[in-house]
Amino acid sequence: MIEIRDLSFGYKRKKLLFRNLNLALETGSIYGLLGKNGAGKSTLLKNFIGLLFPNSGTISVNGYTPKKRWPSFLETIYFIPEEVYVPALTIEGYVNLFAPFYPLFSEAQFHSYLEQLDVKDKGKLNALSFGQQKKFIIAFALACNTKVLLLDEPTNGLDIPSKMKFRKLIASVFAGDKIIFISTHQIRDLDNLIDRVVIVDNGELLLNASLQEIGGRLSFKTVSELPATGKILYAEDSLKGKAIVVENTTNEDSKINLEHLFNAITENPAEAKAIFNI
Amino acid sequence: MFGFTGLLLLLVLILYTVTKSLAGIHAAQNLTFIWGLPGGSFFLASFVFGYFSSNASGSSFLTLPAAHFEKWLCGVLIAGILYPVIFLIFYRIIDSSFVTLYHHSLDPASPFYKQQYESVYLFDFNSILAWKVYPMFFFLTGSMLVGALYFNKTAFIKTAILLCVLLLFVFGLNWLMAATIFGHINDAAPFNHVTLPVGKEEGSLELPSGTVNFFNYSIWYFFPAILWLLSYTRLREKEF
């Protein structure tokens, strides 16, 4: 479990990115962290793993304080940054060097994931394309079998088939004792993958809810005319009429559109917080 | 890492060879020792801790499940222990080779054979010069270990510039103070002595030996030790 209490963080003391942020992430979910550019998505992930230290407040990841970067903590968490680093080693050399640090690393799983992601062994890793390097790191991270997996813009640099393979792989390896936390601004890449959505904007938490909960409280539909009554959280012209997001007062089922959800929440932060009791 | 160390040793060999042909074997021995040990280690320290100077590699190594002390120790072992040992062995081999070559090139029948033979000998690792180079090595390596962790980009250049500015500042300030106090001066070495013109002669004002020793030991050992420890503290606090 990841628990954040009253987190304040800023690269400059006077200009805080997060102010008194409270957030609890339960084990057994794949979270999608959505936010605008510069909203602090990567910063939040780096706070989770201890690459950045909070100005105030506390972060607890499975009982550990990330700032201390204890080996016993780092064994249980893997962070894939947006820009990955691979040294001038072969795949075998990389595994020999880094895998021993992760007690639950499985070489069989690793090779299977490489195959699923279509990563070919072509000599030194730093000679691979950026996308191939990223897929290699994703395969390695998954094979480490850490309790927490943090992915920052994991689909950046991946081609369309690779994005699909990535989604399938994440879904297939997910187990109930893990937290997978994916930060992205490419919302469509998370479709059918995540089961909880976290949205941060202007240093505030605007949403932390399961898809089921979102479906229960918001309605996503296409109408020919905008309804006269009720607050419309978001509206967008579409080929079939107008796609809208409204509060779900009639318990109707609708398919969640993550892009529309994001816009609805960030354009109406106060209403969103009221609807989701944040 | 091995490639980089090999490159440094190759440069040492080139420096020795070029200096020997231009200025003789003694100059080659001294110059190569002065540049090879502190200079090489300075380069290597920037290379080793250079992994922490970019976002991607820095994140990767900082989040590796190992203690800060182990990560620090890796850098210190490579730049502070392994490289000096390898350098000293390599230096001894090339120095022995050149000295032997020189001795073999002499004509035993020459009346100056003994004199010429004894004029060239192996560099003494226990000489006064060597004992001035060892503290330089500790100081420069410590500075680079800290610099590589403080500066996120082009740490080597930034650290080198900072050291030059620091040295210029210390020497400049010392000269300025000595000139203000004594008027015309010939020479002023920080924490050591001032040389003044006395008629056509010159005289030297030296600090008491106890005070000189205090400053020397502080500069040679205490300050470098602080730098090495500071690099460990900096690694613990490093953020990306």
# chains A, B, ... in the order shown; residues from 1 in each chain; ligands from 1
>>> closest_atom_pairs(of="chain A", to="chain B", cutoff="10 Å", atoms="only C-alpha atoms", output="JSON lines")
{"residue": "A:Thr43", "atom": "CA", "partner": "B:Phe240", "partner_atom": "CA", "distance": 9.2}
{"residue": "A:Lys46", "atom": "CA", "partner": "B:Phe240", "partner_atom": "CA", "distance": 7.8}
{"residue": "A:Asn47", "atom": "CA", "partner": "B:Glu239", "partner_atom": "CA", "distance": 9.7}
{"residue": "A:Ile49", "atom": "CA", "partner": "B:Thr63", "partner_atom": "CA", "distance": 7.4}
{"residue": "A:Gly50", "atom": "CA", "partner": "B:Thr63", "partner_atom": "CA", "distance": 7.9}
{"residue": "A:Leu51", "atom": "CA", "partner": "B:Glu239", "partner_atom": "CA", "distance": 5.1}
{"residue": "A:Leu52", "atom": "CA", "partner": "B:Glu239", "partner_atom": "CA", "distance": 5.1}
{"residue": "A:Phe53", "atom": "CA", "partner": "B:Glu239", "partner_atom": "CA", "distance": 7.4}
{"residue": "A:Lys67", "atom": "CA", "partner": "B:Glu237", "partner_atom": "CA", "distance": 8.8}
{"residue": "A:Lys68", "atom": "CA", "partner": "B:Arg236", "partner_atom": "CA", "distance": 8.2}
{"residue": "A:Arg69", "atom": "CA", "partner": "B:Thr63", "partner_atom": "CA", "distance": 7.3}
{"residue": "A:Trp70", "atom": "CA", "partner": "B:Ala67", "partner_atom": "CA", "distance": 6.3}
{"residue": "A:Pro71", "atom": "CA", "partner": "B:Pro65", "partner_atom": "CA", "distance": 4.3}
{"residue": "A:Ser72", "atom": "CA", "partner": "B:Pro65", "partner_atom": "CA", "distance": 7.0}
{"residue": "A:Phe73", "atom": "CA", "partner": "B:Pro65", "partner_atom": "CA", "distance": 7.6}
{"residue": "A:Leu74", "atom": "CA", "partner": "B:Pro65", "partner_atom": "CA", "distance": 4.8}
{"residue": "A:Glu75", "atom": "CA", "partner": "B:Pro65", "partner_atom": "CA", "distance": 5.4}
{"residue": "A:Thr76", "atom": "CA", "partner": "B:Pro65", "partner_atom": "CA", "distance": 8.8}
{"residue": "A:Ile77", "atom": "CA", "partner": "B:Thr63", "partner_atom": "CA", "distance": 8.7}
{"residue": "A:Tyr78", "atom": "CA", "partner": "B:Thr63", "partner_atom": "CA", "distance": 7.8}
{"residue": "A:Phe79", "atom": "CA", "partner": "B:Thr63", "partner_atom": "CA", "distance": 7.7}
{"residue": "A:Ile80", "atom": "CA", "partner": "B:Ser60", "partner_atom": "CA", "distance": 8.5}
{"residue": "A:Pro81", "atom": "CA", "partner": "B:Ala56", "partner_atom": "CA", "distance": 7.1}
{"residue": "A:Glu82", "atom": "CA", "partner": "B:Ala56", "partner_atom": "CA", "distance": 8.3}
{"residue": "A:Glu83", "atom": "CA", "partner": "B:Ala56", "partner_atom": "CA", "distance": 5.7}
{"residue": "A:Val84", "atom": "CA", "partner": "B:Ala56", "partner_atom": "CA", "distance": 5.5}
{"residue": "A:Tyr85", "atom": "CA", "partner": "B:Ala56", "partner_atom": "CA", "distance": 5.1}
{"residue": "A:Val86", "atom": "CA", "partner": "B:Ser57", "partner_atom": "CA", "distance": 7.7}
{"residue": "A:Pro87", "atom": "CA", "partner": "B:Ser57", "partner_atom": "CA", "distance": 8.5}
{"residue": "A:Phe98", "atom": "CA", "partner": "B:Leu64", "partner_atom": "CA", "distance": 8.1}
{"residue": "A:Pro100", "atom": "CA", "partner": "B:Pro65", "partner_atom": "CA", "distance": 9.6}
{"residue": "A:Phe101", "atom": "CA", "partner": "B:Pro65", "partner_atom": "CA", "distance": 5.8}
{"residue": "A:Tyr102", "atom": "CA", "partner": "B:Pro65", "partner_atom": "CA", "distance": 7.4}
>>> write_last_selection(atoms="C-alpha atoms", output="JSON list (two decimals), in the first residue's frame")
[["chain", "number", "residue", "atom", "x", "y", "z"],
["A", 43, "THR", "CA", 7.45, 14.19, -9.70],
["A", 46, "LYS", "CA", 9.85, 10.04, -8.09],
["A", 47, "ASN", "CA", 8.60, 10.84, -4.59],
["A", 49, "ILE", "CA", 10.58, 5.73, -5.09],
["A", 50, "GLY", "CA", 12.72, 8.22, -3.19],
["A", 51, "LEU", "CA", 14.36, 10.00, -6.10],
["A", 52, "LEU", "CA", 12.84, 13.22, -4.80],
["A", 53, "PHE", "CA", 12.21, 14.11, -1.17],
["A", 67, "LYS", "CA", 13.53, 8.90, 1.09],
["A", 68, "LYS", "CA", 15.83, 6.52, 2.96],
["A", 69, "ARG", "CA", 16.27, 4.35, -0.16],
["A", 70, "TRP", "CA", 16.98, 1.27, 1.91],
["A", 71, "PRO", "CA", 17.96, -1.77, -0.19],
["A", 72, "SER", "CA", 15.14, -3.79, 1.39],
["A", 73, "PHE", "CA", 12.71, -1.14, 0.10],
["A", 74, "LEU", "CA", 14.27, -0.83, -3.35],
["A", 75, "GLU", "CA", 14.04, -4.62, -3.80],
["A", 76, "THR", "CA", 10.27, -4.30, -3.64],
["A", 77, "ILE", "CA", 9.76, -1.45, -6.09],
["A", 78, "TYR", "CA", 10.80, -0.80, -9.68],
["A", 79, "PHE", "CA", 10.61, 2.54, -11.42],
["A", 80, "ILE", "CA", 10.74, 2.89, -15.19],
["A", 81, "PRO", "CA", 11.42, 6.52, -16.02],
["A", 82, "GLU", "CA", 10.28, 8.17, -19.23],
["A", 83, "GLU", "CA", 13.84, 8.11, -20.52],
["A", 84, "VAL", "CA", 15.36, 4.75, -19.79],
["A", 85, "TYR", "CA", 19.06, 4.06, -19.36],
["A", 86, "VAL", "CA", 20.80, 0.97, -20.61],
["A", 87, "PRO", "CA", 24.55, 0.49, -20.31],
["A", 98, "PHE", "CA", 21.50, -6.31, -12.21],
["A", 100, "PRO", "CA", 20.99, -10.45, -8.42],
["A", 101, "PHE", "CA", 19.77, -7.26, -6.74],
["A", 102, "TYR", "CA", 16.17, -8.45, -7.10]]
>>> select_by_dssp(residues="stretch 70-134 of chain B", states="alpha helix (DSSP H)", output="PDB file with N, CA and C atoms, in the first residue's frame")
ATOM      1  N   GLU B  70      27.496   1.203  -0.229  1.00  0.00           N
ATOM      2  CA  GLU B  70      28.033   0.269  -1.236  1.00  0.00           C
ATOM      3  C   GLU B  70      28.247   0.979  -2.569  1.00  0.00           C
ATOM      4  N   LYS B  71      27.286   1.841  -2.928  1.00  0.00           N
ATOM      5  CA  LYS B  71      27.414   2.572  -4.197  1.00  0.00           C
ATOM      6  C   LYS B  71      28.603   3.523  -4.130  1.00  0.00           C
ATOM      7  N   TRP B  72      28.734   4.197  -2.995  1.00  0.00           N
ATOM      8  CA  TRP B  72      29.853   5.131  -2.805  1.00  0.00           C
ATOM      9  C   TRP B  72      31.171   4.375  -2.827  1.00  0.00           C
ATOM     10  N   LEU B  73      31.168   3.226  -2.158  1.00  0.00           N
ATOM     11  CA  LEU B  73      32.399   2.430  -2.055  1.00  0.00           C
ATOM     12  C   LEU B  73      32.875   1.972  -3.440  1.00  0.00           C
ATOM     13  N   CYS B  74      31.927   1.653  -4.321  1.00  0.00           N
ATOM     14  CA  CYS B  74      32.303   1.240  -5.685  1.00  0.00           C
ATOM     15  C   CYS B  74      33.120   2.338  -6.353  1.00  0.00           C
ATOM     16  N   GLY B  75      32.622   3.578  -6.285  1.00  0.00           N
ATOM     17  CA  GLY B  75      33.320   4.709  -6.895  1.00  0.00           C
ATOM     18  C   GLY B  75      34.673   4.932  -6.246  1.00  0.00           C
ATOM     19  N   VAL B  76      34.690   4.880  -4.930  1.00  0.00           N
ATOM     20  CA  VAL B  76      35.922   5.135  -4.173  1.00  0.00           C
ATOM     21  C   VAL B  76      36.955   4.039  -4.446  1.00  0.00           C
ATOM     22  N   TYR B  83      42.600   2.297  -9.337  1.00  0.00           N
ATOM     23  CA  TYR B  83      43.353   3.056 -10.339  1.00  0.00           C
ATOM     24  C   TYR B  83      44.775   3.382  -9.865  1.00  0.00           C
ATOM     25  N   PRO B  84      44.950   3.907  -8.638  1.00  0.00           N
ATOM     26  CA  PRO B  84      46.326   4.188  -8.189  1.00  0.00           C
ATOM     27  C   PRO B  84      47.215   2.954  -8.217  1.00  0.00           C
ATOM     28  N   VAL B  85      46.666   1.811  -7.801  1.00  0.00           N
ATOM     29  CA  VAL B  85      47.470   0.580  -7.794  1.00  0.00           C
ATOM     30  C   VAL B  85      47.874   0.212  -9.228  1.00  0.00           C
ATOM     31  N   ILE B  86      46.869   0.235 -10.129  1.00  0.00           N
ATOM     32  CA  ILE B  86      47.159  -0.099 -11.536  1.00  0.00           C
ATOM     33  C   ILE B  86      48.142   0.910 -12.127  1.00  0.00           C
ATOM     34  N   PHE B  87      47.926   2.185 -11.808  1.00  0.00           N
ATOM     35  CA  PHE B  87      48.817   3.226 -12.345  1.00  0.00           C
ATOM     36  C   PHE B  87      50.254   3.016 -11.862  1.00  0.00           C
ATOM     37  N   LEU B  88      50.408   2.774 -10.561  1.00  0.00           N
ATOM     38  CA  LEU B  88      51.765   2.635 -10.010  1.00  0.00           C
ATOM     39  C   LEU B  88      52.485   1.421 -10.623  1.00  0.00           C
ATOM     40  N   ILE B  89      51.744   0.337 -10.821  1.00  0.00           N
ATOM     41  CA  ILE B  89      52.355  -0.850 -11.451  1.00  0.00           C
ATOM     42  C   ILE B  89      52.752  -0.526 -12.893  1.00  0.00           C
ATOM     43  N   PHE B  90      51.804   0.085 -13.611  1.00  0.00           N
ATOM     44  CA  PHE B  90      52.070   0.428 -15.016  1.00  0.00           C
ATOM     45  C   PHE B  90      53.223   1.416 -15.123  1.00  0.00           C
ATOM     46  N   TYR B  91      53.214   2.397 -14.219  1.00  0.00           N
ATOM     47  CA  TYR B  91      54.261   3.424 -14.226  1.00  0.00           C
ATOM     48  C   TYR B  91      55.625   2.780 -13.989  1.00  0.00           C
ATOM     49  N   ARG B  92      55.659   1.860 -13.029  1.00  0.00           N
ATOM     50  CA  ARG B  92      56.926   1.187 -12.717  1.00  0.00           C
ATOM     51  C   ARG B  92      57.419   0.392 -13.932  1.00  0.00           C
ATOM     52  N   ILE B  93      56.487  -0.255 -14.632  1.00  0.00           N
ATOM     53  CA  ILE B  93      56.873  -1.065 -15.806  1.00  0.00           C
ATOM     54  C   ILE B  93      57.457  -0.166 -16.903  1.00  0.00           C
ATOM     55  N   ILE B  94      56.759   0.940 -17.214  1.00  0.00           N
ATOM     56  CA  ILE B  94      57.274   1.780 -18.319  1.00  0.00           C
ATOM     57  C   ILE B  94      58.550   2.496 -17.887  1.00  0.00           C
ATOM     58  N   ASP B  95      58.584   2.903 -16.626  1.00  0.00           N
ATOM     59  CA  ASP B  95      59.783   3.598 -16.132  1.00  0.00           C
ATOM     60  C   ASP B  95      60.985   2.649 -16.177  1.00  0.00           C
ATOM     61  N   SER B  96      60.782   1.413 -15.715  1.00  0.00           N
ATOM     62  CA  SER B  96      61.866   0.414 -15.737  1.00  0.00           C
ATOM     63  C   SER B  96      62.320   0.163 -17.167  1.00  0.00           C
ATOM     64  N   SER B  97      61.353   0.071 -18.073  1.00  0.00           N
ATOM     65  CA  SER B  97      61.690  -0.213 -19.471  1.00  0.00           C
ATOM     66  C   SER B  97      62.549   0.914 -20.049  1.00  0.00           C
ATOM     67  N   PHE B  98      62.128   2.142 -19.831  1.00  0.00           N
ATOM     68  CA  PHE B  98      62.869   3.270 -20.408  1.00  0.00           C
ATOM     69  C   PHE B  98      64.248   3.409 -19.751  1.00  0.00           C
ATOM     70  N   VAL B  99      64.299   3.197 -18.444  1.00  0.00           N
ATOM     71  CA  VAL B  99      65.589   3.316 -17.747  1.00  0.00           C
ATOM     72  C   VAL B  99      66.531   2.200 -18.216  1.00  0.00           C
ATOM     73  N   THR B 100      65.993   0.984 -18.358  1.00  0.00           N
ATOM     74  CA  THR B 100      66.809  -0.141 -18.832  1.00  0.00           C
ATOM     75  C   THR B 100      67.302   0.114 -20.261  1.00  0.00           C
ATOM     76  N   LEU B 101      66.371   0.615 -21.091  1.00  0.00           N
ATOM     77  CA  LEU B 101      66.761   0.940 -22.470  1.00  0.00           C
ATOM     78  C   LEU B 101      67.898   1.959 -22.485  1.00  0.00           C
ATOM     79  N   TYR B 102      67.774   2.941 -21.621  1.00  0.00           N
ATOM     80  CA  TYR B 102      68.807   3.980 -21.551  1.00  0.00           C
ATOM     81  C   TYR B 102      70.133   3.363 -21.119  1.00  0.00           C
ATOM     82  N   HIS B 103      70.088   2.548 -20.072  1.00  0.00           N
ATOM     83  CA  HIS B 103      71.326   1.918 -19.566  1.00  0.00           C
ATOM     84  C   HIS B 103      71.969   1.046 -20.639  1.00  0.00           C
ATOM     85  N   HIS B 104      71.136   0.334 -21.392  1.00  0.00           N
ATOM     86  CA  HIS B 104      71.680  -0.549 -22.443  1.00  0.00           C
ATOM     87  C   HIS B 104      72.247   0.254 -23.619  1.00  0.00           C
ATOM     88  N   SER B 105      71.759   1.488 -23.748  1.00  0.00           N
ATOM     89  CA  SER B 105      72.235   2.304 -24.874  1.00  0.00           C
ATOM     90  C   SER B 105      73.623   2.909 -24.600  1.00  0.00           C
ATOM     91  N   TYR B 113      80.950   6.302 -18.540  1.00  0.00           N
ATOM     92  CA  TYR B 113      79.894   5.273 -18.429  1.00  0.00           C
ATOM     93  C   TYR B 113      79.256   5.259 -17.041  1.00  0.00           C
ATOM     94  N   LYS B 114      80.064   5.191 -16.002  1.00  0.00           N
ATOM     95  CA  LYS B 114      79.531   5.086 -14.634  1.00  0.00           C
ATOM     96  C   LYS B 114      78.700   6.327 -14.284  1.00  0.00           C
ATOM     97  N   GLN B 115      79.254   7.483 -14.653  1.00  0.00           N
ATOM     98  CA  GLN B 115      78.571   8.749 -14.363  1.00  0.00           C
ATOM     99  C   GLN B 115      77.230   8.814 -15.095  1.00  0.00           C
ATOM    100  N   GLN B 116      77.278   8.429 -16.388  1.00  0.00           N
ATOM    101  CA  GLN B 116      76.045   8.453 -17.196  1.00  0.00           C
ATOM    102  C   GLN B 116      75.047   7.412 -16.689  1.00  0.00           C
ATOM    103  N   TYR B 117      75.563   6.262 -16.314  1.00  0.00           N
ATOM    104  CA  TYR B 117      74.692   5.169 -15.839  1.00  0.00           C
ATOM    105  C   TYR B 117      73.944   5.594 -14.572  1.00  0.00           C
ATOM    106  N   GLU B 118      74.701   6.218 -13.663  1.00  0.00           N
ATOM    107  CA  GLU B 118      74.109   6.566 -12.364  1.00  0.00           C
ATOM    108  C   GLU B 118      73.260   7.824 -12.403  1.00  0.00           C
ATOM    109  N   SER B 119      73.356   8.553 -13.520  1.00  0.00           N
ATOM    110  CA  SER B 119      72.565   9.793 -13.597  1.00  0.00           C
ATOM    111  C   SER B 119      71.081   9.495 -13.858  1.00  0.00           C
ATOM    112  N   ILE B 128      60.574  13.121  -2.256  1.00  0.00           N
ATOM    113  CA  ILE B 128      59.862  14.319  -1.804  1.00  0.00           C
ATOM    114  C   ILE B 128      58.750  14.670  -2.797  1.00  0.00           C
ATOM    115  N   LEU B 129      59.087  14.567  -4.095  1.00  0.00           N
ATOM    116  CA  LEU B 129      58.087  14.881  -5.127  1.00  0.00           C
ATOM    117  C   LEU B 129      56.872  13.948  -5.012  1.00  0.00           C
ATOM    118  N   ALA B 130      57.164  12.645  -4.846  1.00  0.00           N
ATOM    119  CA  ALA B 130      56.066  11.672  -4.749  1.00  0.00           C
ATOM    120  C   ALA B 130      55.149  12.012  -3.575  1.00  0.00           C
ATOM    121  N   TRP B 131      55.749  12.417  -2.461  1.00  0.00           N
ATOM    122  CA  TRP B 131      54.941  12.732  -1.281  1.00  0.00           C
ATOM    123  C   TRP B 131      54.216  14.063  -1.396  1.00  0.00           C
ATOM    124  N   LYS B 132      54.577  14.834  -2.437  1.00  0.00           N
ATOM    125  CA  LYS B 132      53.765  16.025  -2.731  1.00  0.00           C
ATOM    126  C   LYS B 132      52.630  15.674  -3.690  1.00  0.00           C
ATOM    127  N   VAL B 133      52.864  14.641  -4.489  1.00  0.00           N
ATOM    128  CA  VAL B 133      51.842  14.232  -5.471  1.00  0.00           C
ATOM    129  C   VAL B 133      50.701  13.457  -4.783  1.00  0.00           C
ATOM    130  N   TYR B 134      51.033  12.637  -3.790  1.00  0.00           N
ATOM    131  CA  TYR B 134      49.987  11.828  -3.127  1.00  0.00           C
ATOM    132  C   TYR B 134      48.864  12.701  -2.551  1.00  0.00           C
TER     133      TYR B 134
END
>>> residues_around(residues="stretch 158-171 of chain A", least_positions_apart="4", cutoff="12 Å", atoms="only C-alpha atoms", output="count of residues only")
50
>>> select_by_dssp(residues="stretch 23-225 of chain B", states="strand (DSSP E)", output="list in words")
Asp187, Ala188, Ala189, His193, Val194, Thr195, Leu196, Pro197, Val198, Glu201, Glu202, Gly203, Ser204, Leu205 and Glu206 of chain B
>>> write_last_selection(atoms="N, CA and C atoms", output="tab-separated table (two decimals), in the first residue's frame")
chain	number	residue	atom	x	y	z
B	187	ASP	N	57.63	37.07	-3.57
B	187	ASP	CA	56.90	35.79	-3.64
B	187	ASP	C	56.06	35.65	-2.37
B	188	ALA	N	54.93	34.98	-2.51
B	188	ALA	CA	54.10	34.71	-1.32
B	188	ALA	C	53.38	33.39	-1.52
B	189	ALA	N	53.72	32.43	-0.69
B	189	ALA	CA	53.06	31.11	-0.79
B	189	ALA	C	52.04	31.00	0.35
B	193	HIS	N	55.18	31.00	3.37
B	193	HIS	CA	56.20	32.04	3.52
B	193	HIS	C	55.94	33.23	2.62
B	194	VAL	N	56.67	34.33	2.91
B	194	VAL	CA	56.67	35.51	2.05
B	194	VAL	C	58.12	35.87	1.78
B	195	THR	N	58.47	36.11	0.53
B	195	THR	CA	59.85	36.51	0.19
B	195	THR	C	59.86	38.00	-0.12
B	196	LEU	N	60.75	38.71	0.58
B	196	LEU	CA	60.79	40.17	0.46
B	196	LEU	C	62.15	40.60	-0.09
B	197	PRO	N	62.22	41.67	-0.87
B	197	PRO	CA	63.53	42.19	-1.29
B	197	PRO	C	64.18	42.95	-0.12
B	198	VAL	N	65.45	42.62	0.12
B	198	VAL	CA	66.19	43.32	1.17
B	198	VAL	C	67.45	43.87	0.49
B	201	GLU	N	69.53	41.83	-2.03
B	201	GLU	CA	69.27	40.43	-1.66
B	201	GLU	C	67.76	40.24	-1.46
B	202	GLU	N	67.41	39.05	-1.05
B	202	GLU	CA	66.02	38.83	-0.65
B	202	GLU	C	65.97	37.97	0.60
B	203	GLY	N	64.96	38.24	1.38
B	203	GLY	CA	64.80	37.49	2.62
B	203	GLY	C	63.45	36.83	2.66
B	204	SER	N	63.37	35.77	3.42
B	204	SER	CA	62.12	35.01	3.47
B	204	SER	C	61.56	35.01	4.89
B	205	LEU	N	60.28	35.34	4.98
B	205	LEU	CA	59.59	35.26	6.27
B	205	LEU	C	58.77	33.98	6.26
B	206	GLU	N	59.10	33.09	7.18
B	206	GLU	CA	58.39	31.81	7.17
B	206	GLU	C	57.55	31.65	8.42
>>> residues_around(residues="B:Leu11", least_positions_apart="4", cutoff="10 Å", atoms="only C-alpha atoms", output="list in words")
Thr5, Gly6, Leu7, Leu15, Tyr16, Thr17, Thr32, Trp35, Gly36 and Gly40 of chain B
>>> write_last_selection(atoms="C-alpha atoms", output="PDB file, in the first residue's frame")
ATOM      1  CA  THR B   5      41.395   3.042 -17.590  1.00  0.00           C
ATOM      2  CA  GLY B   6      43.267   1.558 -20.564  1.00  0.00           C
ATOM      3  CA  LEU B   7      42.931   4.862 -22.410  1.00  0.00           C
ATOM      4  CA  LEU B  15      53.166  11.578 -22.202  1.00  0.00           C
ATOM      5  CA  TYR B  16      56.239   9.747 -20.889  1.00  0.00           C
ATOM      6  CA  THR B  17      57.554   9.034 -24.386  1.00  0.00           C
ATOM      7  CA  THR B  32      54.089  11.613 -15.991  1.00  0.00           C
ATOM      8  CA  TRP B  35      49.729  14.114 -14.318  1.00  0.00           C
ATOM      9  CA  GLY B  36      49.183  10.379 -14.344  1.00  0.00           C
ATOM     10  CA  GLY B  40      44.116  10.208 -14.175  1.00  0.00           C
TER      11      GLY B  40
END
>>> residues_around(residues="A:Leu261", least_positions_apart="3", cutoff="9 Å", atoms="only C-alpha atoms", output="MDAnalysis selection string")
chainID A and resid 214 218 220 233:234 245 256:258 264:266
>>> residues_around(residues="B:Met136", least_positions_apart="6", cutoff="12 Å", atoms="only C-alpha atoms", output="list in words")
Phe33, Ile34, Trp35, Gly36, Leu37, Pro38, Gly39, Gly40, Ser41, Phe42, Leu129, Ala130, Gly142, Ser143, Asn216, Ile219, Trp220, Tyr221, Phe223 and Pro224 of chain B
>>> write_last_selection(atoms="C-alpha atoms", output="tab-separated table (two decimals), in the first residue's frame")
chain	number	residue	atom	x	y	z
B	33	PHE	CA	53.85	10.89	-12.28
B	34	ILE	CA	52.30	14.29	-11.51
B	35	TRP	CA	49.73	14.11	-14.32
B	36	GLY	CA	49.18	10.38	-14.34
B	37	LEU	CA	48.25	9.80	-10.73
B	38	PRO	CA	46.17	12.83	-9.64
B	39	GLY	CA	45.10	13.74	-13.19
B	40	GLY	CA	44.12	10.21	-14.17
B	41	SER	CA	42.22	9.65	-10.97
B	42	PHE	CA	40.46	13.01	-11.42
B	129	LEU	CA	58.09	14.88	-5.13
B	130	ALA	CA	56.07	11.67	-4.75
B	142	GLY	CA	37.93	13.95	-3.56
B	143	SER	CA	37.03	17.18	-5.39
B	216	ASN	CA	50.16	21.27	5.48
B	219	ILE	CA	45.46	20.77	3.33
B	220	TRP	CA	47.02	17.43	2.45
B	221	TYR	CA	44.95	15.06	4.58
B	223	PHE	CA	40.58	18.67	3.72
B	224	PRO	CA	40.70	15.75	1.21
>>> atom_distance(atom1="atom CA of B:Thr141", atom2="atom CA of B:Phe2")
18.2 Å
>>> residues_around(residues="A:Ile91", least_positions_apart="5", cutoff="8 Å", atoms="only C-alpha atoms", output="list in words")
Asp121, Gly123, Lys124 and Leu125 of chain A
>>> write_last_selection(atoms="N, CA and C atoms", output="mmCIF file, in the first residue's frame")
data_model
loop_
_atom_site.group_PDB
_atom_site.id
_atom_site.type_symbol
_atom_site.label_atom_id
_atom_site.label_comp_id
_atom_site.auth_asym_id
_atom_site.auth_seq_id
_atom_site.Cartn_x
_atom_site.Cartn_y
_atom_site.Cartn_z
ATOM 1 N N ASP A 121 17.744 -10.085 -29.399
ATOM 2 C CA ASP A 121 19.093 -9.965 -28.846
ATOM 3 C C ASP A 121 20.044 -9.590 -29.996
ATOM 4 N N GLY A 123 23.219 -7.865 -29.758
ATOM 5 C CA GLY A 123 24.462 -7.310 -29.218
ATOM 6 C C GLY A 123 24.236 -6.358 -28.069
ATOM 7 N N LYS A 124 24.970 -5.250 -28.064
ATOM 8 C CA LYS A 124 24.920 -4.295 -26.948
ATOM 9 C C LYS A 124 23.569 -3.582 -26.877
ATOM 10 N N LEU A 125 23.092 -3.424 -25.658
ATOM 11 C CA LEU A 125 21.771 -2.819 -25.463
ATOM 12 C C LEU A 125 21.716 -1.365 -25.908
#
>>> atom_distance(atom1="atom CA of A:Gly157", atom2="atom CA of A:Pro103")
29.5 Å
